[in-house]
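This is protein-v5.cif (mmCIF, N, CA and C atoms).
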data_final
loop_
_atom_site.label_atom_id
_atom_site.label_comp_id
_atom_site.auth_asym_id
_atom_site.auth_seq_id
_atom_site.Cartn_x
_atom_site.Cartn_y
_atom_site.Cartn_z
N TYR A 1 0.84 -1.18 0.00
CA TYR A 1 0.00 0.00 0.00
C TYR A 1 0.88 1.24 0.00
N GLY A 2 0.29 2.32 -0.48
CA GLY A 2 1.05 3.56 -0.64
C GLY A 2 0.59 4.62 0.34
N LYS A 3 0.62 5.84 -0.14
CA LYS A 3 0.33 7.03 0.67
C LYS A 3 -1.02 6.92 1.39
N TYR A 4 -2.06 6.59 0.64
CA TYR A 4 -3.40 6.58 1.23
C TYR A 4 -3.59 5.41 2.19
N GLY A 5 -2.95 4.29 1.89
CA GLY A 5 -2.98 3.16 2.82
C GLY A 5 -2.30 3.50 4.13
N MET A 6 -1.19 4.22 4.04
CA MET A 6 -0.48 4.62 5.27
C MET A 6 -1.31 5.61 6.08
N LEU A 7 -1.98 6.53 5.39
CA LEU A 7 -2.85 7.48 6.10
C LEU A 7 -3.99 6.75 6.81
N ARG A 8 -4.56 5.76 6.13
CA ARG A 8 -5.64 4.96 6.72
C ARG A 8 -5.14 4.21 7.95
N LYS A 9 -3.96 3.61 7.84
CA LYS A 9 -3.38 2.86 8.95
C LYS A 9 -3.18 3.76 10.17
N GLN A 10 -2.63 4.94 9.94
CA GLN A 10 -2.41 5.89 11.03
C GLN A 10 -3.73 6.31 11.66
N PHE A 11 -4.75 6.56 10.82
CA PHE A 11 -6.06 6.94 11.32
C PHE A 11 -6.66 5.82 12.18
N LEU A 12 -6.57 4.59 11.70
CA LEU A 12 -7.12 3.46 12.46
C LEU A 12 -6.40 3.31 13.80
N LYS A 13 -5.09 3.42 13.79
CA LYS A 13 -4.32 3.31 15.04
C LYS A 13 -4.75 4.35 16.06
N GLU A 14 -4.91 5.60 15.61
CA GLU A 14 -5.20 6.70 16.53
C GLU A 14 -6.66 6.82 16.91
N HIS A 15 -7.58 6.57 15.96
CA HIS A 15 -8.98 6.88 16.20
C HIS A 15 -9.91 5.67 16.22
N ARG A 16 -9.46 4.54 15.70
CA ARG A 16 -10.26 3.32 15.69
C ARG A 16 -9.40 2.13 16.13
N PRO A 17 -8.85 2.19 17.34
CA PRO A 17 -7.89 1.16 17.77
C PRO A 17 -8.48 -0.26 17.79
N ILE A 18 -9.75 -0.38 18.12
CA ILE A 18 -10.35 -1.72 18.17
C ILE A 18 -10.45 -2.30 16.76
N ARG A 19 -10.91 -1.48 15.81
CA ARG A 19 -10.97 -1.94 14.42
C ARG A 19 -9.58 -2.28 13.90
N TYR A 20 -8.59 -1.45 14.25
CA TYR A 20 -7.21 -1.70 13.83
C TYR A 20 -6.74 -3.05 14.37
N GLN A 21 -6.96 -3.30 15.66
CA GLN A 21 -6.53 -4.57 16.27
C GLN A 21 -7.24 -5.76 15.65
N ASN A 22 -8.55 -5.61 15.38
CA ASN A 22 -9.30 -6.71 14.75
C ASN A 22 -8.73 -7.05 13.37
N LEU A 23 -8.46 -6.02 12.58
CA LEU A 23 -7.89 -6.25 11.25
C LEU A 23 -6.50 -6.86 11.34
N LEU A 24 -5.71 -6.37 12.29
CA LEU A 24 -4.35 -6.86 12.47
C LEU A 24 -4.34 -8.32 12.90
N LEU A 25 -5.14 -8.64 13.90
CA LEU A 25 -5.16 -10.00 14.44
C LEU A 25 -5.78 -11.02 13.48
N SER A 26 -6.69 -10.55 12.64
CA SER A 26 -7.32 -11.47 11.69
C SER A 26 -6.48 -11.63 10.42
N GLY A 27 -5.40 -10.86 10.30
CA GLY A 27 -4.54 -10.94 9.13
C GLY A 27 -5.09 -10.21 7.92
N LYS A 28 -6.08 -9.37 8.14
CA LYS A 28 -6.73 -8.66 7.03
C LYS A 28 -6.29 -7.21 6.89
N LEU A 29 -5.39 -6.75 7.73
CA LEU A 29 -4.99 -5.34 7.72
C LEU A 29 -4.34 -4.94 6.39
N THR A 30 -3.38 -5.70 5.93
CA THR A 30 -2.68 -5.35 4.69
C THR A 30 -3.64 -5.33 3.51
N ALA A 31 -4.51 -6.31 3.43
CA ALA A 31 -5.49 -6.35 2.33
C ALA A 31 -6.41 -5.13 2.40
N HIS A 32 -6.84 -4.77 3.60
CA HIS A 32 -7.70 -3.60 3.79
C HIS A 32 -6.98 -2.34 3.34
N LEU A 33 -5.73 -2.18 3.75
CA LEU A 33 -4.96 -0.98 3.40
C LEU A 33 -4.68 -0.92 1.90
N ASN A 34 -4.39 -2.07 1.28
CA ASN A 34 -4.20 -2.10 -0.17
C ASN A 34 -5.47 -1.70 -0.90
N GLN A 35 -6.60 -2.20 -0.43
CA GLN A 35 -7.88 -1.89 -1.06
C GLN A 35 -8.19 -0.40 -0.94
N ILE A 36 -8.03 0.15 0.24
CA ILE A 36 -8.28 1.58 0.46
C ILE A 36 -7.36 2.41 -0.44
N ASP A 37 -6.08 2.04 -0.48
CA ASP A 37 -5.11 2.78 -1.29
C ASP A 37 -5.52 2.78 -2.76
N GLN A 38 -5.91 1.63 -3.27
CA GLN A 38 -6.30 1.53 -4.68
C GLN A 38 -7.58 2.32 -4.95
N GLU A 39 -8.58 2.18 -4.09
CA GLU A 39 -9.85 2.88 -4.28
C GLU A 39 -9.66 4.39 -4.24
N VAL A 40 -8.91 4.87 -3.26
CA VAL A 40 -8.70 6.31 -3.12
C VAL A 40 -7.92 6.86 -4.31
N THR A 41 -6.89 6.14 -4.74
CA THR A 41 -6.12 6.58 -5.90
C THR A 41 -7.02 6.73 -7.12
N GLU A 42 -7.86 5.73 -7.37
CA GLU A 42 -8.76 5.79 -8.52
C GLU A 42 -9.77 6.92 -8.39
N GLN A 43 -10.33 7.09 -7.20
CA GLN A 43 -11.33 8.14 -6.99
C GLN A 43 -10.71 9.53 -7.16
N VAL A 44 -9.50 9.73 -6.66
CA VAL A 44 -8.83 11.02 -6.80
C VAL A 44 -8.59 11.32 -8.28
N GLU A 45 -8.15 10.32 -9.04
CA GLU A 45 -7.89 10.53 -10.46
C GLU A 45 -9.17 10.91 -11.21
N VAL A 46 -10.26 10.21 -10.93
CA VAL A 46 -11.54 10.50 -11.59
C VAL A 46 -12.02 11.89 -11.23
N LEU A 47 -11.97 12.22 -9.94
CA LEU A 47 -12.42 13.53 -9.48
C LEU A 47 -11.56 14.65 -10.06
N MET A 48 -10.25 14.43 -10.15
CA MET A 48 -9.37 15.43 -10.74
C MET A 48 -9.73 15.68 -12.20
N LYS A 49 -10.00 14.62 -12.93
CA LYS A 49 -10.37 14.76 -14.34
C LYS A 49 -11.66 15.55 -14.47
N GLN A 50 -12.64 15.24 -13.64
CA GLN A 50 -13.92 15.95 -13.68
C GLN A 50 -13.76 17.42 -13.32
N MET A 51 -12.99 17.68 -12.28
CA MET A 51 -12.79 19.06 -11.84
C MET A 51 -12.01 19.87 -12.88
N ALA A 52 -11.02 19.25 -13.50
CA ALA A 52 -10.23 19.94 -14.53
C ALA A 52 -11.11 20.30 -15.71
N GLU A 53 -11.97 19.38 -16.13
CA GLU A 53 -12.89 19.66 -17.23
C GLU A 53 -13.84 20.80 -16.88
N LYS A 54 -14.37 20.75 -15.67
CA LYS A 54 -15.33 21.76 -15.24
C LYS A 54 -14.68 23.15 -15.16
N GLN A 55 -13.40 23.20 -14.76
CA GLN A 55 -12.70 24.48 -14.62
C GLN A 55 -12.00 24.91 -15.91
N GLY A 56 -12.10 24.10 -16.94
CA GLY A 56 -11.50 24.46 -18.22
C GLY A 56 -9.98 24.33 -18.26
N VAL A 57 -9.43 23.46 -17.44
CA VAL A 57 -7.99 23.23 -17.43
C VAL A 57 -7.70 22.14 -18.46
N THR A 58 -7.25 22.56 -19.64
CA THR A 58 -7.07 21.65 -20.77
C THR A 58 -5.60 21.55 -21.17
N GLU A 59 -5.35 20.68 -22.13
CA GLU A 59 -4.00 20.57 -22.70
C GLU A 59 -3.59 21.88 -23.38
N GLN A 60 -4.58 22.61 -23.87
CA GLN A 60 -4.29 23.90 -24.51
C GLN A 60 -3.71 24.88 -23.48
N VAL A 61 -4.27 24.90 -22.29
CA VAL A 61 -3.74 25.74 -21.22
C VAL A 61 -2.32 25.30 -20.88
N LYS A 62 -2.10 23.99 -20.87
CA LYS A 62 -0.78 23.45 -20.57
C LYS A 62 0.26 23.93 -21.60
N MET A 63 -0.14 23.93 -22.87
CA MET A 63 0.79 24.36 -23.92
C MET A 63 1.06 25.86 -23.87
N GLN A 64 0.03 26.65 -23.52
CA GLN A 64 0.18 28.10 -23.52
C GLN A 64 0.94 28.60 -22.31
N ASP A 65 0.65 28.04 -21.14
CA ASP A 65 1.29 28.52 -19.90
C ASP A 65 1.43 27.34 -18.95
N GLN A 66 2.56 26.67 -19.05
CA GLN A 66 2.76 25.44 -18.28
C GLN A 66 2.74 25.69 -16.77
N MET A 67 3.30 26.78 -16.31
CA MET A 67 3.33 27.07 -14.87
C MET A 67 1.91 27.31 -14.34
N LYS A 68 1.09 27.98 -15.11
CA LYS A 68 -0.30 28.21 -14.72
C LYS A 68 -1.02 26.87 -14.63
N TRP A 69 -0.79 26.01 -15.62
CA TRP A 69 -1.43 24.70 -15.64
C TRP A 69 -1.02 23.87 -14.43
N VAL A 70 0.27 23.89 -14.11
CA VAL A 70 0.76 23.13 -12.94
C VAL A 70 0.10 23.64 -11.67
N GLY A 71 0.02 24.95 -11.52
CA GLY A 71 -0.62 25.53 -10.34
C GLY A 71 -2.09 25.15 -10.23
N LEU A 72 -2.79 25.21 -11.35
CA LEU A 72 -4.21 24.84 -11.36
C LEU A 72 -4.39 23.36 -11.02
N MET A 73 -3.55 22.51 -11.60
CA MET A 73 -3.66 21.07 -11.36
C MET A 73 -3.30 20.72 -9.91
N ASN A 74 -2.33 21.42 -9.34
CA ASN A 74 -2.00 21.19 -7.93
C ASN A 74 -3.18 21.54 -7.03
N GLY A 75 -3.83 22.64 -7.33
CA GLY A 75 -5.02 23.03 -6.56
C GLY A 75 -6.15 22.02 -6.71
N ILE A 76 -6.34 21.55 -7.93
CA ILE A 76 -7.38 20.55 -8.19
C ILE A 76 -7.07 19.26 -7.44
N LYS A 77 -5.81 18.84 -7.46
CA LYS A 77 -5.44 17.60 -6.76
C LYS A 77 -5.66 17.74 -5.26
N ALA A 78 -5.30 18.89 -4.69
CA ALA A 78 -5.48 19.11 -3.26
C ALA A 78 -6.97 19.03 -2.89
N CYS A 79 -7.82 19.64 -3.70
CA CYS A 79 -9.27 19.60 -3.45
C CYS A 79 -9.81 18.18 -3.58
N ALA A 80 -9.41 17.49 -4.63
CA ALA A 80 -9.88 16.12 -4.85
C ALA A 80 -9.44 15.20 -3.72
N GLU A 81 -8.19 15.33 -3.30
CA GLU A 81 -7.70 14.49 -2.19
C GLU A 81 -8.46 14.78 -0.91
N GLU A 82 -8.70 16.04 -0.63
CA GLU A 82 -9.41 16.40 0.59
C GLU A 82 -10.79 15.75 0.62
N ILE A 83 -11.50 15.82 -0.49
CA ILE A 83 -12.84 15.24 -0.58
C ILE A 83 -12.80 13.73 -0.37
N VAL A 84 -11.92 13.06 -1.09
CA VAL A 84 -11.88 11.61 -1.05
C VAL A 84 -11.33 11.11 0.30
N LEU A 85 -10.35 11.80 0.86
CA LEU A 85 -9.83 11.39 2.15
C LEU A 85 -10.90 11.42 3.23
N LYS A 86 -11.73 12.45 3.21
CA LYS A 86 -12.80 12.54 4.19
C LYS A 86 -13.79 11.39 4.04
N GLU A 87 -14.06 11.00 2.78
CA GLU A 87 -15.05 9.97 2.51
C GLU A 87 -14.52 8.55 2.75
N ARG A 88 -13.26 8.27 2.42
CA ARG A 88 -12.75 6.91 2.42
C ARG A 88 -11.72 6.60 3.48
N VAL A 89 -10.88 7.55 3.82
CA VAL A 89 -9.78 7.26 4.75
C VAL A 89 -10.17 7.60 6.18
N TYR A 90 -10.73 8.77 6.38
CA TYR A 90 -11.04 9.23 7.73
C TYR A 90 -12.49 8.97 8.09
N MET A 91 -12.86 7.71 8.09
CA MET A 91 -14.23 7.33 8.46
C MET A 91 -14.21 6.16 9.40
#

Re-express the file's structure as structure tokens.
Amino acid sequence: YGKYGMLRKQFLKEHRPIRYQNLLLSGKLTAHLNQIDQEVTEQVEVLMKQMAEKQGVTEQVKMQDQMKWVGLMNGIKACAEEIVLKERVYM
């Protein structure tokens, strides 16, 4: 598991210790963290694509002003991650 799996693990340890222990003792923790990581990664990518389309952040913007495009995409990624993390990781 990657970034999102690690965030989920830390959240479970701190805020859901019983659930964390149950997953750990049953041998299902790694599978759970891998699943969360994969789902969150996919959801962030989909949401970023939707948000970029809605805000008009296109390849044309990228060609005309790459720094502007990078800034816009960083903002979009931060928003998408915040939304998905609240829904999938911190629950």

So which residues touch region 33-38 of chain A within 7 Å, counting only N, CA and C atoms, skipping near sequence neighbours fewer than 5 positions away, as number ranges by chain? A: 1-6, 8-9, 28, 43, 88

Could you check how far CA of Gln21 (chain A) sits from CA of Tyr90 (chain A), in Å to one decimal?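 Separation between CA of Gln21 (chain A) and CA of Tyr90 (chain A): 16.8 Å.
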
Please indicate the distance in Å from CA of Glu87 (chain A) to CA of Val40 (chain A), rounded to one decimal place.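 The value is 9.2 Å.
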
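For the atom pair formed by CA of Asn22 (chain A) and CA of Glu42 (chain A), the distance is 26.4 Å, given to one decimal.
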
So that I can see what lies close to Ala80 (chain A), please list as a list in words the residues with an atom at most 6 Å from it, counting only N, CA and C atoms and leaving out residues fewer than 3 positions away in the same chain. Val44, Leu47, Met48, Gly75, Ile76, Lys77, Ile83, Val84 and Leu85 of chain A
